[in-house]
Amino acid sequence: MVIKQVELQHVCGITSKLPDTGQVEVAFAGKSNVGKSSLINALMNRKSLARTSAQPGKTQTINYYHINEEMYLVDLPGYGFARASEEVKAKWGKLIEDYLHQSKMLHAVFLLIDIRHAPSNNDRIMYDWILRNGYQPIIIATKLDKIKRSQLQKQIKLIRETLEVEKDTIVIPFSAETKQGREEIWNLIDEIRSD
Ligand code: GTP
Ligand code: MG
């Protein structure tokens, strides 16, 4: 995909009505701080259009980035943010769930997992949820630059085994620092759009 135009078009909080975009949406889910907004910036060739932070809990709304006026990258709030109150956690959870249930144009959900760690219980719940709702799960193993090359296969295996992923599920290692994996992710999105 050649990026000609990007725009943050919709920002939805817990009281917002979710928009009917009428164009293909792909969403990015994962625990707080895993790198969802950083990945979206890398895909858009922007440094900071999607706001990122070293502190977890940065993205608290559902943000729709319109790409070339033809499709949307959807940035979701992170889950598992330990310092948030139970009430806030429940609200974010509901926001994510409502989106995944209600979007008519959602074609695929990218689940981001930090390549350094085994997936958490919440990650498993999210993965199963994606499958159960009939979406194609694609796993992005983030922060690839933080491990040694020699650890890569072991960490990918750990992710596949902990999530009990199906054989044909794709796991793409990615780094927002080096942009490694970016082309592969765009190729996949292009495929998803033309399905
Ligand atoms: P929430 O909005 O809180 O759910 O977080 P998020 O998943 O959107 O994470 P975000 O993109 O804000 O990144 C969190 C932190 O991780 C930031 O300090 C980023 O700079 C850093 N980060 C993200 N991706 C990478 C990566 O590939 N490599 C390295 N080294 N750091 C990264
Ligand atoms: Mg974010």
# chains A, B, ... in the order shown; residues from 1 in each chain; ligands from 1
$ residues_near_ligand --ligand "ligand 2" --cutoff "12 Å" --atoms "only C-alpha atoms and all ligand atoms" --output "PyMOL selection string"
chain A and resi 28-41+48-63+74-79+81+112
$ residues_around --residues "Met126 (chain A)" --least-positions-apart "3" --cutoff "9 Å" --atoms "only C-alpha atoms" --output "list in words"
Ala29, Gly30, Leu111, Asn121, Asn122, Asp123, Trp129, Ile130 and Leu131 of chain A
$ atom_distance --atom1 "CA of Pro137 (chain A)" --atom2 "atom 6 (P, counted along the ligand's line) of ligand 1"
18.4 Å
$ residues_around --residues "Lys104 (chain A)" --least-positions-apart "6" --cutoff "9 Å" --atoms "only C-alpha atoms" --output "mmCIF file with N, CA, C and O atoms, in the first residue's frame"
data_model
loop_
_atom_site.group_PDB
_atom_site.id
_atom_site.type_symbol
_atom_site.label_atom_id
_atom_site.label_comp_id
_atom_site.auth_asym_id
_atom_site.auth_seq_id
_atom_site.Cartn_x
_atom_site.Cartn_y
_atom_site.Cartn_z
ATOM 1 N N ASP A 20 -20.707 3.867 11.297
ATOM 2 C CA ASP A 20 -20.877 2.917 10.204
ATOM 3 C C ASP A 20 -19.992 3.400 9.074
ATOM 4 O O ASP A 20 -20.356 4.302 8.344
ATOM 5 N N THR A 21 -18.792 2.856 8.960
ATOM 6 C CA THR A 21 -17.833 3.459 8.021
ATOM 7 C C THR A 21 -18.083 3.045 6.569
ATOM 8 O O THR A 21 -17.713 3.758 5.651
ATOM 9 N N GLY A 22 -18.646 1.864 6.379
ATOM 10 C CA GLY A 22 -18.892 1.407 5.022
ATOM 11 C C GLY A 22 -17.629 0.992 4.266
ATOM 12 O O GLY A 22 -17.681 0.694 3.082
ATOM 13 N N VAL A 24 -13.643 -1.233 4.585
ATOM 14 C CA VAL A 24 -12.959 -2.290 5.341
ATOM 15 C C VAL A 24 -12.231 -1.713 6.549
ATOM 16 O O VAL A 24 -11.524 -0.710 6.444
ATOM 17 N N GLU A 25 -12.433 -2.377 7.692
ATOM 18 C CA GLU A 25 -11.702 -2.012 8.902
ATOM 19 C C GLU A 25 -10.834 -3.192 9.334
ATOM 20 O O GLU A 25 -11.277 -4.337 9.263
#
$ select_by_dssp --residues "chain A" --states "helix (DSSP H, G or I)" --output "count of residues only"
69
$ residues_around --residues "Leu144 (chain A)" --least-positions-apart "2" --cutoff "12 Å" --atoms "only C-alpha atoms" --output "PyMOL selection string"
chain A and resi 34-35+39+112-117+140-142+146-153+155-156+172-182
$ write_last_selection --atoms "N, CA, C and O atoms" --output "CSV table (one decimal), in the first residue's frame"
chain,number,residue,atom,x,y,z
A,34,VAL,N,1.7,-2.7,24.6
A,34,VAL,CA,2.3,-3.7,23.8
A,34,VAL,C,2.8,-3.1,22.5
A,34,VAL,O,3.7,-3.7,21.8
A,35,GLY,N,2.3,-1.9,22.1
A,35,GLY,CA,2.8,-1.3,20.9
A,35,GLY,C,1.7,-1.1,19.8
A,35,GLY,O,2.1,-1.0,18.6
A,39,LEU,N,2.6,0.6,16.2
A,39,LEU,CA,2.5,-0.2,14.9
A,39,LEU,C,1.7,0.6,13.9
A,39,LEU,O,2.0,0.7,12.7
A,112,LEU,N,-1.7,-8.2,19.2
A,112,LEU,CA,-0.3,-7.9,19.4
A,112,LEU,C,0.1,-8.6,20.7
A,112,LEU,O,-0.6,-8.4,21.8
A,113,ILE,N,1.3,-9.2,20.7
A,113,ILE,CA,1.9,-9.9,21.9
A,113,ILE,C,3.3,-9.4,21.9
A,113,ILE,O,4.0,-9.5,20.9
A,114,ASP,N,3.8,-9.0,23.1
A,114,ASP,CA,5.2,-8.6,23.3
A,114,ASP,C,6.0,-9.9,23.1
A,114,ASP,O,5.9,-10.9,23.8
A,115,ILE,N,7.0,-9.8,22.2
A,115,ILE,CA,7.8,-11.0,21.8
A,115,ILE,C,8.6,-11.5,23.0
A,115,ILE,O,9.1,-12.6,23.0
A,116,ARG,N,8.8,-10.6,24.0
A,116,ARG,CA,9.7,-11.0,25.1
A,116,ARG,C,9.0,-11.9,26.2
A,116,ARG,O,9.7,-12.6,27.0
A,117,HIS,N,7.7,-11.9,26.2
A,117,HIS,CA,7.0,-12.6,27.2
A,117,HIS,C,6.0,-13.6,26.7
A,117,HIS,O,5.4,-13.5,25.6
A,140,ILE,N,0.8,-10.4,15.9
A,140,ILE,CA,2.0,-9.7,15.7
A,140,ILE,C,2.8,-9.7,17.0
A,140,ILE,O,2.3,-9.4,18.0
A,141,ALA,N,4.0,-10.2,16.8
A,141,ALA,CA,4.9,-10.3,18.0
A,141,ALA,C,5.7,-9.0,18.0
A,141,ALA,O,6.6,-8.8,17.1
A,142,THR,N,5.4,-8.1,18.9
A,142,THR,CA,6.0,-6.8,18.9
A,142,THR,C,7.3,-6.6,19.6
A,142,THR,O,7.7,-7.5,20.4
A,146,LYS,N,14.0,-5.8,20.8
A,146,LYS,CA,14.4,-6.0,22.2
A,146,LYS,C,14.9,-7.4,22.5
A,146,LYS,O,15.4,-7.6,23.6
A,147,ILE,N,14.9,-8.3,21.5
A,147,ILE,CA,15.5,-9.6,21.7
A,147,ILE,C,16.6,-9.9,20.8
A,147,ILE,O,16.7,-9.2,19.8
A,148,LYS,N,17.4,-10.8,21.2
A,148,LYS,CA,18.5,-11.2,20.3
A,148,LYS,C,17.9,-12.1,19.2
A,148,LYS,O,17.0,-12.8,19.4
A,149,ARG,N,18.6,-12.0,18.0
A,149,ARG,CA,18.1,-12.8,16.9
A,149,ARG,C,18.0,-14.3,17.2
A,149,ARG,O,17.1,-15.0,16.8
A,150,SER,N,19.0,-14.7,18.1
A,150,SER,CA,19.0,-16.1,18.4
A,150,SER,C,17.8,-16.6,19.3
A,150,SER,O,17.6,-17.8,19.4
A,151,GLN,N,17.1,-15.6,19.9
A,151,GLN,CA,15.9,-16.0,20.7
A,151,GLN,C,14.6,-16.0,19.9
A,151,GLN,O,13.6,-16.4,20.5
A,152,LEU,N,14.7,-15.5,18.7
A,152,LEU,CA,13.4,-15.3,17.9
A,152,LEU,C,12.6,-16.6,17.8
A,152,LEU,O,11.4,-16.6,18.2
A,153,GLN,N,13.2,-17.7,17.4
A,153,GLN,CA,12.4,-18.9,17.1
A,153,GLN,C,11.7,-19.4,18.4
A,153,GLN,O,10.6,-19.8,18.5
A,155,GLN,N,10.9,-17.7,21.1
A,155,GLN,CA,9.9,-16.8,21.6
A,155,GLN,C,8.6,-17.0,20.7
A,155,GLN,O,7.5,-16.9,21.2
A,156,ILE,N,8.8,-17.2,19.4
A,156,ILE,CA,7.6,-17.4,18.5
A,156,ILE,C,6.9,-18.7,18.9
A,156,ILE,O,5.7,-18.8,19.0
A,172,ILE,N,3.6,-12.7,12.9
A,172,ILE,CA,4.6,-11.9,12.3
A,172,ILE,C,5.4,-11.1,13.3
A,172,ILE,O,4.9,-10.3,14.1
A,173,PRO,N,6.7,-11.3,13.4
A,173,PRO,CA,7.6,-10.5,14.3
A,173,PRO,C,7.7,-9.1,13.7
A,173,PRO,O,7.8,-8.9,12.5
A,174,PHE,N,7.6,-8.1,14.6
A,174,PHE,CA,7.6,-6.7,14.1
A,174,PHE,C,8.3,-5.8,15.1
A,174,PHE,O,8.3,-6.0,16.3
A,175,SER,N,9.0,-4.8,14.6
A,175,SER,CA,9.6,-3.8,15.4
A,175,SER,C,9.2,-2.4,14.9
A,175,SER,O,9.4,-2.1,13.7
A,176,ALA,N,8.7,-1.6,15.8
A,176,ALA,CA,8.4,-0.2,15.5
A,176,ALA,C,9.7,0.7,15.4
A,176,ALA,O,9.7,1.7,14.8
A,177,GLU,N,10.7,0.2,15.9
A,177,GLU,CA,12.0,0.9,15.9
A,177,GLU,C,12.7,0.7,14.5
A,177,GLU,O,13.1,1.6,13.9
A,178,THR,N,12.8,-0.6,14.1
A,178,THR,CA,13.5,-0.8,12.8
A,178,THR,C,12.5,-1.0,11.6
A,178,THR,O,12.9,-1.0,10.5
A,179,LYS,N,11.2,-1.0,11.9
A,179,LYS,CA,10.1,-1.2,11.0
A,179,LYS,C,10.1,-2.6,10.3
A,179,LYS,O,9.5,-2.9,9.3
A,180,GLN,N,11.0,-3.5,10.9
A,180,GLN,CA,11.0,-4.9,10.4
A,180,GLN,C,9.6,-5.5,10.5
A,180,GLN,O,9.0,-5.4,11.6
A,181,GLY,N,9.1,-6.1,9.4
A,181,GLY,CA,7.7,-6.7,9.5
A,181,GLY,C,6.7,-5.9,8.9
A,181,GLY,O,5.6,-6.3,8.5
A,182,ARG,N,7.0,-4.6,8.6
A,182,ARG,CA,5.9,-3.6,8.1
A,182,ARG,C,5.4,-4.1,6.8
A,182,ARG,O,4.2,-4.1,6.6
$ select_by_dssp --residues "region 2-181 of chain A" --states "strand (DSSP E)" --output "PyMOL selection string"
chain A and resi 6-12+25-30+62-67+71-75+106-114+136-142+170-173
$ atom_distance --atom1 "CA of Val165 (chain A)" --atom2 "atom 1 (P, counted along the ligand's line) of ligand 1"
24.0 Å
$ atom_distance --atom1 "CA of Ile189 (chain A)" --atom2 "CA of Lys154 (chain A)"
26.3 Å
$ residues_around --residues "region 89-97 of chain A" --least-positions-apart "3" --cutoff "6 Å" --atoms "only C-alpha atoms" --output "list in words"
Ile14, Glu86 and Leu100 of chain A
$ write_last_selection --atoms "all heavy atoms" --output "short mmCIF file (atom, residue, chain, number, x, y, z; two decimals), in the first residue's frame"
data_model
loop_
_atom_site.label_atom_id
_atom_site.label_comp_id
_atom_site.auth_asym_id
_atom_site.auth_seq_id
_atom_site.Cartn_x
_atom_site.Cartn_y
_atom_site.Cartn_z
N ILE A 14 -16.74 5.65 25.59
CA ILE A 14 -17.77 4.72 26.04
C ILE A 14 -19.20 5.18 25.76
O ILE A 14 -20.09 4.37 25.67
CB ILE A 14 -17.65 4.40 27.55
CG1 ILE A 14 -17.28 5.67 28.32
CG2 ILE A 14 -16.63 3.32 27.80
CD1 ILE A 14 -17.31 5.48 29.80
N GLU A 86 -11.17 -1.08 38.73
CA GLU A 86 -12.01 -2.14 38.18
C GLU A 86 -13.10 -1.56 37.29
O GLU A 86 -13.43 -2.11 36.25
CB GLU A 86 -12.66 -2.95 39.32
CG GLU A 86 -11.69 -3.86 40.07
CD GLU A 86 -10.88 -4.77 39.15
OE1 GLU A 86 -11.47 -5.35 38.22
OE2 GLU A 86 -9.65 -4.89 39.35
N LEU A 100 -16.08 -4.97 18.66
CA LEU A 100 -15.88 -6.25 17.96
C LEU A 100 -17.23 -6.88 17.59
O LEU A 100 -17.36 -7.54 16.56
CB LEU A 100 -15.04 -7.19 18.81
CG LEU A 100 -13.60 -6.73 19.05
CD1 LEU A 100 -12.89 -7.64 20.04
CD2 LEU A 100 -12.79 -6.66 17.76
#
